[in-house]
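Chemist: entry-v5.cif (mmCIF, C-alpha atoms) pasted underneath:
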data_start
loop_
_atom_site.group_PDB
_atom_site.id
_atom_site.type_symbol
_atom_site.label_atom_id
_atom_site.label_comp_id
_atom_site.auth_asym_id
_atom_site.auth_seq_id
_atom_site.Cartn_x
_atom_site.Cartn_y
_atom_site.Cartn_z
ATOM 1 C CA MET P 683 15.874 3.115 80.508
ATOM 2 C CA THR P 684 15.079 4.345 77.007
ATOM 3 C CA THR P 685 11.613 5.283 75.818
ATOM 4 C CA LEU P 686 11.394 2.115 73.732
ATOM 5 C CA GLN P 687 12.325 -0.097 76.674
ATOM 6 C CA ALA P 688 9.804 1.670 78.900
ATOM 7 C CA HIS P 689 7.113 1.219 76.271
ATOM 8 C CA LEU P 690 7.862 -2.491 75.892
ATOM 9 C CA SER P 691 8.074 -3.196 79.625
ATOM 10 C CA SER P 692 4.686 -1.682 80.549
ATOM 11 C CA PRO P 693 1.891 -2.610 78.148
ATOM 12 C CA THR P 694 -0.850 -0.006 77.934
ATOM 13 C CA LYS P 695 -4.538 -0.573 77.314
ATOM 14 C CA ARG P 696 -5.985 1.223 74.359
ATOM 15 C CA ALA P 697 -9.569 2.467 74.369
ATOM 16 C CA LYS P 698 -9.907 2.670 70.582
ATOM 17 C CA SER P 699 -11.258 -0.237 68.616
ATOM 18 C CA SER P 700 -9.118 -1.974 66.013
ATOM 19 C CA THR P 701 -11.204 -0.588 63.134
ATOM 20 C CA SER P 702 -11.037 2.971 61.961
ATOM 21 C CA ALA P 703 -13.968 5.392 62.221
ATOM 22 C CA LYS P 704 -14.370 5.369 58.433
ATOM 23 C CA GLY P 705 -15.306 1.695 58.420
ATOM 24 C CA GLY P 706 -12.005 0.528 56.956
ATOM 25 C CA LYS P 707 -10.196 -2.708 57.451
ATOM 26 C CA PRO P 708 -9.096 -3.738 60.952
ATOM 27 C CA LYS P 709 -5.553 -2.721 61.772
ATOM 28 C CA ALA P 710 -2.913 -5.367 62.302
ATOM 29 C CA SER P 711 -1.815 -5.844 65.877
ATOM 30 C CA ARG P 712 1.680 -4.648 66.588
ATOM 31 C CA LYS P 713 4.072 -7.154 68.087
ATOM 32 C CA PRO P 714 6.818 -5.859 70.359
ATOM 33 C CA SER P 715 10.251 -6.228 68.859
ATOM 34 C CA SER P 716 12.875 -8.152 70.722
ATOM 35 C CA ALA P 717 15.327 -5.474 71.799
ATOM 36 C CA PRO P 718 18.753 -6.658 72.970
ATOM 37 C CA THR P 719 18.966 -6.652 76.750
ATOM 38 C CA ALA P 720 22.735 -6.378 77.081
ATOM 39 C CA PRO P 721 24.883 -3.932 75.114
ATOM 40 C CA SER P 722 27.200 -5.364 72.511
ATOM 41 C CA GLU P 723 30.787 -5.928 73.598
ATOM 42 C CA GLU P 724 32.152 -4.696 70.277
ATOM 43 C CA GLU P 725 32.749 -1.013 69.844
ATOM 44 C CA PRO P 726 31.455 0.691 66.704
ATOM 45 C CA GLY P 727 34.986 1.572 65.588
ATOM 46 C CA ASP P 728 36.119 -2.073 65.608
ATOM 47 C CA LYS P 729 34.463 -2.954 62.327
ATOM 48 C CA LEU P 730 35.164 -0.703 59.382
ATOM 49 C CA GLN P 731 32.411 -1.662 56.940
ATOM 50 C CA ALA P 732 33.668 -5.265 57.020
ATOM 51 C CA GLY P 733 30.206 -6.811 56.841
ATOM 52 C CA ARG P 734 28.872 -4.823 53.889
ATOM 53 C CA ILE P 735 29.479 -6.473 50.536
ATOM 54 C CA THR P 736 27.060 -5.324 47.868
ATOM 55 C CA LYS P 737 25.823 -7.238 44.850
ATOM 56 C CA HIS P 738 27.802 -4.874 42.642
ATOM 57 C CA ASP P 739 30.963 -5.763 44.581
ATOM 58 C CA ARG P 740 30.290 -9.479 44.171
ATOM 59 C CA ILE P 741 29.862 -9.208 40.416
ATOM 60 C CA LEU P 742 32.882 -6.930 39.978
ATOM 61 C CA THR P 743 34.985 -9.421 41.965
ATOM 62 C CA LEU P 744 33.859 -12.250 39.675
ATOM 63 C CA LEU P 745 34.628 -10.141 36.598
ATOM 64 C CA SER P 746 38.099 -9.306 37.939
ATOM 65 C CA ARG P 747 39.178 -12.946 38.094
ATOM 66 C CA ARG P 748 41.685 -14.113 35.497
ATOM 67 C CA GLU P 749 39.276 -16.669 34.012
ATOM 68 C CA GLY P 750 36.330 -14.263 34.185
ATOM 69 C CA THR P 751 32.783 -15.354 34.897
ATOM 70 C CA THR P 752 29.625 -16.508 33.159
ATOM 71 C CA ILE P 753 26.145 -15.010 33.293
ATOM 72 C CA PRO P 754 24.758 -17.927 35.372
ATOM 73 C CA GLU P 755 27.561 -17.416 37.925
ATOM 74 C CA MET P 756 26.717 -13.708 38.168
ATOM 75 C CA MET P 757 23.009 -14.538 38.485
ATOM 76 C CA GLU P 758 23.751 -16.884 41.378
ATOM 77 C CA ALA P 759 26.038 -14.405 43.139
ATOM 78 C CA SER P 760 23.582 -11.511 42.902
ATOM 79 C CA GLY P 761 20.176 -13.166 42.855
ATOM 80 C CA TRP P 762 19.312 -11.170 39.731
ATOM 81 C CA GLN P 763 17.674 -12.394 36.559
ATOM 82 C CA GLN P 764 19.588 -12.711 33.308
ATOM 83 C CA HIS P 765 18.350 -9.441 31.805
ATOM 84 C CA SER P 766 19.351 -7.563 34.967
ATOM 85 C CA VAL P 767 22.894 -8.953 34.832
ATOM 86 C CA ARG P 768 23.208 -7.966 31.180
ATOM 87 C CA GLY P 769 21.921 -4.480 31.961
ATOM 88 C CA PHE P 770 24.437 -4.143 34.800
ATOM 89 C CA LEU P 771 27.260 -5.148 32.451
ATOM 90 C CA ALA P 772 26.254 -2.664 29.758
ATOM 91 C CA GLY P 773 25.039 0.229 31.870
ATOM 92 C CA THR P 774 27.164 0.181 34.986
ATOM 93 C CA VAL P 775 30.361 -1.691 34.163
ATOM 94 C CA LYS P 776 30.897 -0.289 30.664
ATOM 95 C CA LYS P 777 29.208 3.112 30.675
ATOM 96 C CA LYS P 778 29.268 4.414 34.240
ATOM 97 C CA LEU P 779 32.470 2.804 35.536
ATOM 98 C CA GLY P 780 34.238 2.887 32.167
ATOM 99 C CA PHE P 781 35.809 -0.579 32.395
ATOM 100 C CA THR P 782 36.794 -2.480 29.284
ATOM 101 C CA LEU P 783 34.610 -5.569 29.283
ATOM 102 C CA THR P 784 35.686 -8.465 27.090
ATOM 103 C CA SER P 785 33.953 -11.733 26.383
ATOM 104 C CA SER P 786 35.217 -15.007 25.007
ATOM 105 C CA LYS P 787 33.581 -18.277 24.075
ATOM 106 C CA ALA P 788 35.341 -21.588 23.675
ATOM 107 C CA ALA P 789 33.671 -24.377 21.740
ATOM 108 C CA GLY P 790 31.084 -26.167 23.874
ATOM 109 C CA GLU P 791 31.351 -23.702 26.801
ATOM 110 C CA LEU P 792 29.378 -20.734 28.013
ATOM 111 C CA ARG P 793 30.475 -17.201 27.161
ATOM 112 C CA ARG P 794 32.842 -15.791 29.805
ATOM 113 C CA TYR P 795 33.068 -12.104 30.645
ATOM 114 C CA ARG P 796 35.933 -10.303 32.345
ATOM 115 C CA ILE P 797 37.268 -6.846 32.993
ATOM 116 C CA ASP P 798 40.564 -6.134 31.248
ATOM 117 C CA PRO P 799 43.148 -4.545 33.522
ATOM 118 C CA LYS P 800 44.192 -1.057 32.464
ATOM 119 C CA ARG P 801 47.549 -0.959 30.782
ATOM 120 C CA GLY P 802 49.933 1.948 30.672
ATOM 121 C CA ARG P 803 49.342 4.755 33.147
#
So, in terms of C-alpha cells, how does the structure I just supplied come out?
Modeler:
Amino acid sequence: MTTLQAHLSSPTKRAKSSTSAKGGKPKASRKPSSAPTAPSEEEPGDKLQAGRITKHDRILTLLSRREGTTIPEMMEASGWQQHSVRGFLAGTVKKKLGFTLTSSKAAGELRRYRIDPKRGR
C-alpha cells in the first residue's frame, strides 16, 4: 500500500479550524482524488508517445497538405485566435523552423497557406 492509498483509506480528523490564524479567507476543503484500484494492463513501453499530438504538430500537418490550409482551419485545429495563428506562422514556421511558407488566393476564396517542400539536397 502506498502512502497516498493509506492516506485516502483512513481519513484523519484535523484539530485546526478552516480559517488561518491571520484572519484570512477559509481554506477550500480538499477532495480525495479517485486513484485507480487496479494496475493498468498496458506496459509503459507499449506506447511510444502515440497519444501526444501537439497544437504545433496539428498546424504543421495542415500546412504540409498539397492544398494547404486556411487561417480558420488552423484556428479550429489549435483553438487559437487569429492573431496567434499568424504569429505562429511568422515566428515559428518561418523564422525558427526555417520553412518556406507560401500563400495563394483564388477569386472568391480564402487565402491558403502551405509549406513548400525543399527541393534539391
Chemist: Taking the file above as input, evaluate the PyMOL selection byres ((chain P and resi 750-754) around 9) and report the hits as a PyMOL selection string.
Modeler: chain P and resi 741+744-749+755-759+764+767-768+785+792-797
Chemist: To one decimal place, how far is atom CA of P:Leu742 from atom CA of P:Gln763 in Å?
Modeler: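 Separating atom CA of P:Leu742 from atom CA of P:Gln763 is a distance of 16.5 Å.
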Chemist: Identify the residues around (24.7, -5.2, 42.5) within a radius of 10 Å, measuring from all atoms listed in the file in the coordinates stated by the file, and give them as a ChimeraX atom specification.
Modeler: /P:735-742,756,759-762,766-767,770,774
Chemist: In Å, rounded to a single decimal, give me how far atom CA of P:Ala772 is from atom CA of P:Thr784.
Modeler: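 That distance, rounded to one decimal, is 11.4 Å.
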Chemist: Any idea what the distance is between atom CA of P:Thr782 and atom CA of P:His765?
Modeler: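 Computing the Euclidean distance for atom CA of P:Thr782 and atom CA of P:His765 yields 19.9 Å.
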